[in-house]
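To start, the structure under review is shown below, and the notes come after it.
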Amino acid sequence: MTLPNLKAITASALLLLPLALQAAPAKFVVDEEHFSMSFEIMHVGYAPVMGLFRDVEGQFEYDEKTGELSSGKLMFKAASVFTNHEKRDDHVRNKDFLNAGAHPDITFVVTGFEKTGDNTGTVTGDLTLLGQTRPVDIDVTLNKAAEYPFGHEEYTLGISAETVIKRSDWGMTYGVDNGMVGDEVTLRFGFEAIKEGGWF
């Protein structure tokens with residue numbers, strides 16, 4: 001191989017390198033300071049009780065160029081549940097509901113993703129609750145993707161998501177048969193995720 005040909009091949013490889021890097025998924029880590037996960041469930045048919053989990057962590061791998069979500073995991077501490085009523089929170093933590101002593105972690109692991117629009121999609125994953133794992137689909141909206149305007153100033157995604165599950169599917173049946181507590185639970189997520197340096 002002549003030297004000019006070698007230089008041409010090397011130059012072509014260098015030109016293609018940025019494209020190869022862009023095709024790889026980036027790792028995003030959930031910003032715990034800007035994460036909200038709320039739940040809503042009917043109480044005796046009168047009004048919904050609303051609550052949230054205060055302790056959460058998560059990360060995912062996402063390729064903005066292709067729109068591919070290749071992996072991801074969220075983990076909530078069951079004992080961090082908060083409904084603005086101490087006695088009720090203690091009840092929700094016990095064996096009638098979350099059984100936080102025996103099952104301290106609630107996890108959601110991504111298994112798939114399908115785009116439904118320019119900035120929307122459906123995330124499929126496995127939700128593990130009370131030691132049981134069931135598939136769940138979550139509707140997701142990407143609100144914004146840009147460098148943060150202050151503070152950490154890192155590249156950040158802003159995301160909203162929502163789904164509805166039946167808690168009885170995971171064996172949480174307290175109050176269902178007598179209508180005291182609703183079976184359907186609406187889950188809503190709002191969070192920012194910071195891109196880590198480098199590419200996978």
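Every chain in the structure tokens takes a letter, A first, then B, and so on in the order presented; its residues are numbered from 1, and the ligands are numbered from 1 following the presented order.
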
>> Taking only region 20-177 of chain A into account, list the residues labelled alpha helix (DSSP H) by DSSP (computed from the backbone), as a ChimeraX atom specification.
In response: /A:20-22,86-93

Each region 47-131 of chain A residue no farther than 10 Å from region 30-37 of chain A, nearest pair in Å, only C-alpha atoms, as JSON lines:
{"residue": "A:Gly51", "atom": "CA", "partner": "A:Met37", "partner_atom": "CA", "distance": 8.5}
{"residue": "A:Leu52", "atom": "CA", "partner": "A:Met37", "partner_atom": "CA", "distance": 5.6}
{"residue": "A:Phe53", "atom": "CA", "partner": "A:Met37", "partner_atom": "CA", "distance": 6.2}
{"residue": "A:Arg54", "atom": "CA", "partner": "A:Ser36", "partner_atom": "CA", "distance": 8.0}
{"residue": "A:Asp55", "atom": "CA", "partner": "A:Glu32", "partner_atom": "CA", "distance": 8.1}
{"residue": "A:Val56", "atom": "CA", "partner": "A:Glu32", "partner_atom": "CA", "distance": 6.8}
{"residue": "A:Glu57", "atom": "CA", "partner": "A:Val30", "partner_atom": "CA", "distance": 6.4}
{"residue": "A:Gly58", "atom": "CA", "partner": "A:Val30", "partner_atom": "CA", "distance": 5.3}
{"residue": "A:Gln59", "atom": "CA", "partner": "A:Val30", "partner_atom": "CA", "distance": 5.6}
{"residue": "A:Phe60", "atom": "CA", "partner": "A:Val30", "partner_atom": "CA", "distance": 8.3}
{"residue": "A:Lys73", "atom": "CA", "partner": "A:Val30", "partner_atom": "CA", "distance": 9.9}
{"residue": "A:Leu74", "atom": "CA", "partner": "A:Val30", "partner_atom": "CA", "distance": 8.6}
{"residue": "A:Phe76", "atom": "CA", "partner": "A:Met37", "partner_atom": "CA", "distance": 9.3}

Do you know which residues are at most 10 Å from Ser160 (chain A) counting only C-alpha atoms, after dropping those on the same chain fewer than 2 positions away, and could you put them as a PDB file with N, CA and C atoms, in the first residue's frame?
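Output saved as around.pdb:
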ATOM      1  N   SER A  36     -39.585  13.383  40.725  1.00  0.00           N
ATOM      2  CA  SER A  36     -40.855  13.226  41.433  1.00  0.00           C
ATOM      3  C   SER A  36     -41.550  11.985  40.895  1.00  0.00           C
ATOM      4  N   MET A  37     -42.004  11.119  41.787  1.00  0.00           N
ATOM      5  CA  MET A  37     -42.787   9.954  41.408  1.00  0.00           C
ATOM      6  C   MET A  37     -43.994   9.922  42.337  1.00  0.00           C
ATOM      7  N   THR A 120     -42.249  11.463  21.962  1.00  0.00           N
ATOM      8  CA  THR A 120     -43.024  10.572  22.825  1.00  0.00           C
ATOM      9  C   THR A 120     -42.703   9.111  22.515  1.00  0.00           C
ATOM     10  N   ASP A 139     -46.108   5.422  29.317  1.00  0.00           N
ATOM     11  CA  ASP A 139     -46.098   6.464  28.282  1.00  0.00           C
ATOM     12  C   ASP A 139     -45.124   7.563  28.698  1.00  0.00           C
ATOM     13  N   VAL A 140     -44.203   7.889  27.787  1.00  0.00           N
ATOM     14  CA  VAL A 140     -43.104   8.797  28.117  1.00  0.00           C
ATOM     15  C   VAL A 140     -43.078   9.979  27.152  1.00  0.00           C
ATOM     16  N   THR A 141     -42.806  11.165  27.702  1.00  0.00           N
ATOM     17  CA  THR A 141     -42.621  12.365  26.894  1.00  0.00           C
ATOM     18  C   THR A 141     -41.281  13.001  27.221  1.00  0.00           C
ATOM     19  N   LEU A 142     -40.483  13.259  26.178  1.00  0.00           N
ATOM     20  CA  LEU A 142     -39.219  13.983  26.353  1.00  0.00           C
ATOM     21  C   LEU A 142     -39.526  15.473  26.226  1.00  0.00           C
ATOM     22  N   ASN A 143     -39.443  16.184  27.339  1.00  0.00           N
ATOM     23  CA  ASN A 143     -39.809  17.605  27.361  1.00  0.00           C
ATOM     24  C   ASN A 143     -38.716  18.509  26.810  1.00  0.00           C
ATOM     25  N   GLY A 158     -35.151  16.217  30.165  1.00  0.00           N
ATOM     26  CA  GLY A 158     -36.297  16.417  31.047  1.00  0.00           C
ATOM     27  C   GLY A 158     -37.442  15.535  30.579  1.00  0.00           C
ATOM     28  N   GLU A 162     -46.173   8.420  32.574  1.00  0.00           N
ATOM     29  CA  GLU A 162     -47.395   8.059  33.303  1.00  0.00           C
ATOM     30  C   GLU A 162     -47.841   6.650  32.917  1.00  0.00           C
ATOM     31  N   ARG A 188     -47.266   8.647  38.193  1.00  0.00           N
ATOM     32  CA  ARG A 188     -46.766   9.749  37.368  1.00  0.00           C
ATOM     33  C   ARG A 188     -45.318  10.055  37.748  1.00  0.00           C
ATOM     34  N   PHE A 189     -44.499  10.257  36.726  1.00  0.00           N
ATOM     35  CA  PHE A 189     -43.087  10.535  36.927  1.00  0.00           C
ATOM     36  C   PHE A 189     -42.723  11.856  36.264  1.00  0.00           C
ATOM     37  N   GLY A 190     -41.850  12.601  36.905  1.00  0.00           N
ATOM     38  CA  GLY A 190     -41.264  13.794  36.304  1.00  0.00           C
ATOM     39  C   GLY A 190     -39.832  13.896  36.792  1.00  0.00           C
ATOM     40  N   PHE A 191     -38.881  13.899  35.874  1.00  0.00           N
ATOM     41  CA  PHE A 191     -37.497  13.936  36.345  1.00  0.00           C
ATOM     42  C   PHE A 191     -36.542  14.473  35.286  1.00  0.00           C
ATOM     43  N   GLU A 192     -35.358  14.846  35.782  1.00  0.00           N
ATOM     44  CA  GLU A 192     -34.262  15.263  34.933  1.00  0.00           C
ATOM     45  C   GLU A 192     -33.167  14.211  35.039  1.00  0.00           C
TER      46      GLU A 192
END

> When distances are computed from only C-alpha atoms, which of A:Lys166, A:Lys195, A:His152, A:Lys27 shows the smallest separation from Gly72 (chain A)?
Replying inline: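 Checking each candidate against Gly72 (chain A), we get A:Lys27 as the closest.
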
>> Just to confirm, what's the straight-line distance from CA of Asn84 (chain A) to CA of Thr107 (chain A) in Å (one decimal)?
In response: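 A separation of 23.1 Å between them.
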
>> I need the residues in region 86-115 of chain A that are strand (DSSP E or B) according to DSSP; give them as JSON, numbers by chain.
In response: {"A": [105, 106, 107, 108, 109, 110, 111, 112, 113, 114, 115]}

>> Can you measure CA of Asp118 (chain A) to CA of Glu68 (chain A) for me? One decimal in Å is fine.
In response: 12.7 Å

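You can rank A:Ala24, A:Leu69, A:Leu98, A:Ala193 by their closest distance to Gln132 (chain A) using only C-alpha atoms, and at the top of that list sits A:Leu98.
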
> Which one is closest to Glu61 (chain A): A:Thr116, A:His43, A:Asn99, A:Glu196? Count only C-alpha atoms.
Replying inline: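 When distances to Glu61 (chain A) are compared using only C-alpha atoms, the smallest one comes from A:Glu196.
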
> Which neighbours of region 175-179 of chain A fall inside 8 Å, counting only C-alpha atoms, when residues of the same chain fewer than 5 positions from it are skipped, and could you give them as a list in words?
Replying inline: Val44, Gly45 and Ser168 of chain A

N, CA, C and O atoms of the current selection, written as an mmCIF file, in the first residue's frame:
data_model
loop_
_atom_site.group_PDB
_atom_site.id
_atom_site.type_symbol
_atom_site.label_atom_id
_atom_site.label_comp_id
_atom_site.auth_asym_id
_atom_site.auth_seq_id
_atom_site.Cartn_x
_atom_site.Cartn_y
_atom_site.Cartn_z
ATOM 1 N N VAL A 44 -62.249 4.555 49.374
ATOM 2 C CA VAL A 44 -63.676 4.311 49.633
ATOM 3 C C VAL A 44 -64.563 4.973 48.579
ATOM 4 O O VAL A 44 -65.732 5.257 48.824
ATOM 5 N N GLY A 45 -63.999 5.264 47.417
ATOM 6 C CA GLY A 45 -64.772 5.871 46.346
ATOM 7 C C GLY A 45 -65.003 7.361 46.493
ATOM 8 O O GLY A 45 -65.600 7.992 45.610
ATOM 9 N N SER A 168 -53.410 -5.408 42.603
ATOM 10 C CA SER A 168 -53.740 -6.804 42.877
ATOM 11 C C SER A 168 -52.938 -7.758 41.999
ATOM 12 O O SER A 168 -52.757 -8.934 42.344
#

> Between CA of Thr128 (chain A) and CA of Tyr62 (chain A), what is the distance, to one decimal in Å?
Replying inline: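 Atom-to-atom, CA of Thr128 (chain A) to CA of Tyr62 (chain A), that is 22.3 Å.
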